[in-house]
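Have a look at the structure below before the remarks.
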Amino acid sequence: MNIKHLTTPIKDEDIMDLRIGDLVYLTGRLITGRDDVHHRVVKQHRELPVDLNGIAVFHAGPIMKERADEPGKYDVISIGPTTSMRMENSERDFIRETGVKLIIGKGGMGLETAEGCKESIAVHGVFPGGCAVLAAEQVLDVEGVEWPELGMPEAMWVMRVKDFGPILISIDTLGNNLFEDNKKKFNEVKEEVLPELYSQVDYLK
Amino acid sequence: MTTSEKQKFIDILAAFTGYSSKHLPDDVVERLTLMREKEDSPMAKLFYDAMFSDLEKASELDRPCCQDTGVLQYFVQVGSGFPLIDETEDSLREAVKKATIEAPLRHNVVEIFDEYNTGDNTGTRIPWIDWEVLPHCDSVTIYMYMAGGGCSLPGTAKVLMPLEGYEGAMKYILDQVTSYGVNACPPLLLGIGIGGSVEVAAKLSKKALLRRIGTRNKNQKAAELELKMEEAINRIKIGPGGVSGNASVMAVHIEQAGRHPSTLAVGMSTGCWAHRRACIRINHDLSYELLTHKGVTL
């Protein structure tokens, strides 16, 4: 398990040698982007309010709190990753159109994203799911919010982070896919254990 | 009932909801602690370390331990003699609004068709309330569940024909666990409902998630099946976060209802490791006890 620190703007050569199973810590800029942000970029072709070239997109919908003494300025209360697989049908186009280099979420992504990571030089990594206060403590500053009309979870929050991680690389620039590999192993064992369960449930008389 | 009594009821329910977003129940922490001790792969240990560090920080900073505080669901067992029975539904709605600001909780309710976030975690039929009336009783027992997106996604139910029945149910559930379950923040709590029609199976599968970890179904065969399923699914070694490890589930809970001779319905609900399930009993005089978090005063 290799450990690497990345700083934005991330260049292709920074991530070319990363392999699935490696750990990454990110310093620099990220945006949050979930279903609606992907929909606006990929399906509605809206103009990007922030330049995403070389930065990270975090599949996450945070709990934010507006400062009482500073309207329009927000603090992060909790921000953990959301299920990346929901963005599978848009991610390949999203990577190509935005130039993001690091996609952070939870759980695996599929073949299309792996192709996208290969052709546009990007990686997908997972932040431990549910660890939202841990992640919030690694956010230095919330620079702003774009598309706030999408609501708190779906808006595009722009943040600066320091040593943000651990991020476990699950898709690398060669298209290797940790979770797809894992699922193959899981399914093999499933086929072994199912007959044992079948014999357990012979209840009909 | 006076206005101040109703306000006190709302305050208790709001504090109960907020507290439960920040602290996992005792049985879940206990089970995760045991599972963590048995892990030896570096990746799985790294994930458990992150999980426990998160729980500590959430407690220390008084914040929701997971950002997805879910769509609020309350399973209410109300005594027919509970003095605030008429006010319970309204009080729960008001408590959700209050907790949303005070905890704070994430805005999670999107109206169907009109597709906008209501911003206060209430909406059409939300918070979702499930009612049971207890005769000859003057207290109310309320289970709260924060139905997060990640762990709601694997939810499924289906009506099988009896001849494909129990075996078909096993395959149906395990297929779902090794596909959708992997992304739902394992180690999972697996709730399974079996009955005669789809809504009965689905609802029982959620009620199975409310049971304390370590308890077993009262039917001997069902209790044995719970254990066998735990052993079988743990052999798949999904690990924390799906990164593989020594186990897959915190537990498997089954709940059942009598079926029709021609049907066998099965439902599955999953709870993530951050299983925010809480239970409170509130007495007629509004004294209360948290049954899932021992010794806690709100």
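Every chain in the structure tokens takes a letter, A first, then B, and so on in the order presented; its residues are numbered from 1, and the ligands are numbered from 1 following the presented order.
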Quick one: which residues from chain A are at most 9 Å off chain B, using only C-alpha atoms, as a ChimeraX atom specification? /A:1,21,60-65,77-85,106-108,126-135,137,149-153,166,168,178-179,182-183,185-190,193-204
Which of stretch 44-125 of chain B counts as strand (DSSP E) under DSSP, as JSON, numbers by chain please? {"B": [71, 72, 73, 74, 75, 76, 77, 78, 79]}
Atoms to include: N, CA and C atoms. Write the selected residues as a PDB file, in the first residue's frame.
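This is the output file result_3.pdb:
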```
ATOM      1  N   VAL B  71     -33.943  10.486   5.693  1.00  0.00           N
ATOM      2  CA  VAL B  71     -35.338  10.899   5.792  1.00  0.00           C
ATOM      3  C   VAL B  71     -35.839  10.271   7.092  1.00  0.00           C
ATOM      4  N   LEU B  72     -36.403  11.081   7.969  1.00  0.00           N
ATOM      5  CA  LEU B  72     -36.750  10.605   9.305  1.00  0.00           C
ATOM      6  C   LEU B  72     -37.951   9.655   9.275  1.00  0.00           C
ATOM      7  N   GLN B  73     -37.760   8.526   9.955  1.00  0.00           N
ATOM      8  CA  GLN B  73     -38.851   7.560  10.099  1.00  0.00           C
ATOM      9  C   GLN B  73     -39.055   7.303  11.589  1.00  0.00           C
ATOM     10  N   TYR B  74     -40.308   7.294  12.021  1.00  0.00           N
ATOM     11  CA  TYR B  74     -40.630   7.009  13.420  1.00  0.00           C
ATOM     12  C   TYR B  74     -41.596   5.833  13.470  1.00  0.00           C
ATOM     13  N   PHE B  75     -41.248   4.867  14.285  1.00  0.00           N
ATOM     14  CA  PHE B  75     -42.119   3.709  14.504  1.00  0.00           C
ATOM     15  C   PHE B  75     -42.666   3.851  15.918  1.00  0.00           C
ATOM     16  N   VAL B  76     -43.944   4.187  15.984  1.00  0.00           N
ATOM     17  CA  VAL B  76     -44.544   4.635  17.237  1.00  0.00           C
ATOM     18  C   VAL B  76     -45.438   3.535  17.818  1.00  0.00           C
ATOM     19  N   GLN B  77     -45.138   3.161  19.049  1.00  0.00           N
ATOM     20  CA  GLN B  77     -46.032   2.249  19.778  1.00  0.00           C
ATOM     21  C   GLN B  77     -46.667   3.091  20.872  1.00  0.00           C
ATOM     22  N   VAL B  78     -47.887   3.538  20.593  1.00  0.00           N
ATOM     23  CA  VAL B  78     -48.495   4.492  21.510  1.00  0.00           C
ATOM     24  C   VAL B  78     -49.552   3.805  22.376  1.00  0.00           C
ATOM     25  N   GLY B  79     -49.471   4.048  23.681  1.00  0.00           N
ATOM     26  CA  GLY B  79     -50.479   3.514  24.585  1.00  0.00           C
ATOM     27  C   GLY B  79     -51.799   4.250  24.366  1.00  0.00           C
TER      28      GLY B  79
END
```
Who sits within 6 Å of stretch 6-11 of chain B, only C-alpha atoms, same chain under 3 positions skipped, as a ChimeraX atom specification: /B:3,14,91,95
Could you list, as a PyMOL selection string, every residue within 8 Å of B:Glu230, counting only C-alpha atoms and ignoring same-chain residues fewer than 5 positions away? chain B and resi 249+251-252
Residues within 12 Å of B:Arg212, only C-alpha atoms, excluding chain neighbours under 6 positions, as a compact mmCIF listing (two decimals) with N, CA and C atoms, in the first residue's frame:
```
# COMPACT_ATOMS: atom_id res chain seq x y z
N PRO B 25 -26.18 3.75 18.68
CA PRO B 25 -26.69 3.02 19.84
C PRO B 25 -25.65 2.06 20.42
N ASP B 26 -25.81 1.74 21.70
CA ASP B 26 -24.82 0.91 22.42
C ASP B 26 -24.53 -0.41 21.72
N ASP B 27 -25.59 -1.09 21.25
CA ASP B 27 -25.39 -2.43 20.66
C ASP B 27 -24.57 -2.37 19.38
N VAL B 28 -24.73 -1.29 18.60
CA VAL B 28 -23.98 -1.16 17.34
C VAL B 28 -22.50 -0.89 17.64
N VAL B 29 -22.24 0.00 18.60
CA VAL B 29 -20.85 0.30 18.96
C VAL B 29 -20.16 -0.97 19.49
N GLU B 30 -20.90 -1.71 20.30
CA GLU B 30 -20.36 -2.95 20.87
C GLU B 30 -19.99 -3.95 19.77
N ARG B 31 -20.91 -4.12 18.80
CA ARG B 31 -20.66 -5.08 17.72
C ARG B 31 -19.50 -4.63 16.82
N TYR B 143 -39.43 4.43 18.17
CA TYR B 143 -38.18 4.11 17.50
C TYR B 143 -37.96 5.14 16.41
N LEU B 189 -26.17 -4.12 8.61
CA LEU B 189 -27.18 -4.86 9.36
C LEU B 189 -28.23 -5.23 8.32
N GLY B 191 -31.81 -6.61 7.30
CA GLY B 191 -33.17 -6.87 7.75
C GLY B 191 -33.94 -7.59 6.66
N MET B 250 -22.98 -6.97 10.44
CA MET B 250 -23.06 -6.88 11.90
C MET B 250 -24.01 -7.97 12.40
N ALA B 251 -25.08 -8.20 11.63
CA ALA B 251 -26.05 -9.24 11.99
C ALA B 251 -27.07 -9.38 10.86
N VAL B 252 -27.82 -10.51 10.91
CA VAL B 252 -28.97 -10.70 10.02
C VAL B 252 -30.20 -10.87 10.92
N HIS B 253 -31.20 -10.07 10.69
CA HIS B 253 -32.45 -10.16 11.45
C HIS B 253 -33.60 -10.50 10.51
N HIS B 275 -25.45 2.90 11.94
CA HIS B 275 -26.87 2.55 12.03
C HIS B 275 -27.54 3.42 13.09
N ARG B 277 -30.27 4.15 14.75
CA ARG B 277 -31.56 3.69 15.23
C ARG B 277 -31.60 4.00 16.72
N ALA B 278 -32.68 4.60 17.16
CA ALA B 278 -32.77 4.95 18.57
C ALA B 278 -34.18 4.69 19.07
N CYS B 279 -34.28 4.45 20.37
CA CYS B 279 -35.59 4.16 20.94
C CYS B 279 -35.75 4.89 22.28
N LEU B 291 -33.79 3.83 25.48
CA LEU B 291 -33.57 2.39 25.64
C LEU B 291 -32.38 1.90 24.83
N THR B 292 -31.94 2.69 23.85
CA THR B 292 -30.83 2.27 22.99
C THR B 292 -29.51 2.89 23.40
N HIS B 293 -29.57 3.96 24.19
CA HIS B 293 -28.36 4.65 24.63
C HIS B 293 -28.46 4.78 26.15
```
What's around A:Ile104 at 7 Å? Count only C-alpha atoms, leave out sequence neighbours fewer than 4 positions away in its own chain, and write the answer as a ChimeraX atom specification. /A:57-59,124-127
From a backbone DSSP assignment, name each residue in stretch 178-298 of chain B labelled helix (DSSP H, G or I), as JSON, numbers by chain. {"B": [178, 179, 180, 181, 182, 183, 198, 199, 200, 201, 202, 203, 204, 205, 206, 207, 208, 209, 210, 220, 221, 222, 223, 224, 225, 226, 227, 228, 229, 230, 231, 232, 233, 234, 235, 240, 241, 242]}
Residue nearest A:Gly110 - candidates A:Asn177, A:Arg96, A:Tyr74, A:Asp17, atoms counted: only C-alpha atoms: A:Asn177
I want to know what sits within 8 Å of B:Ser152, based on only C-alpha atoms, with residues of the same chain fewer than 4 positions away left out; could you give that as a ChimeraX atom specification? /B:147-148,269-271
What does the structure give for the distance between atom CA of B:Phe113 and atom CA of A:Trp157, in Å to one decimal? 25.5 Å
If you count only C-alpha atoms, the residue of B:Val296, B:Val109, B:Ile126, B:Ala223 closest to B:Glu255 turns out to be B:Ala223
Calculate how many Å separate atom CA of B:Arg281 from atom CA of B:Ile213, rounding to one decimal. 19.0 Å
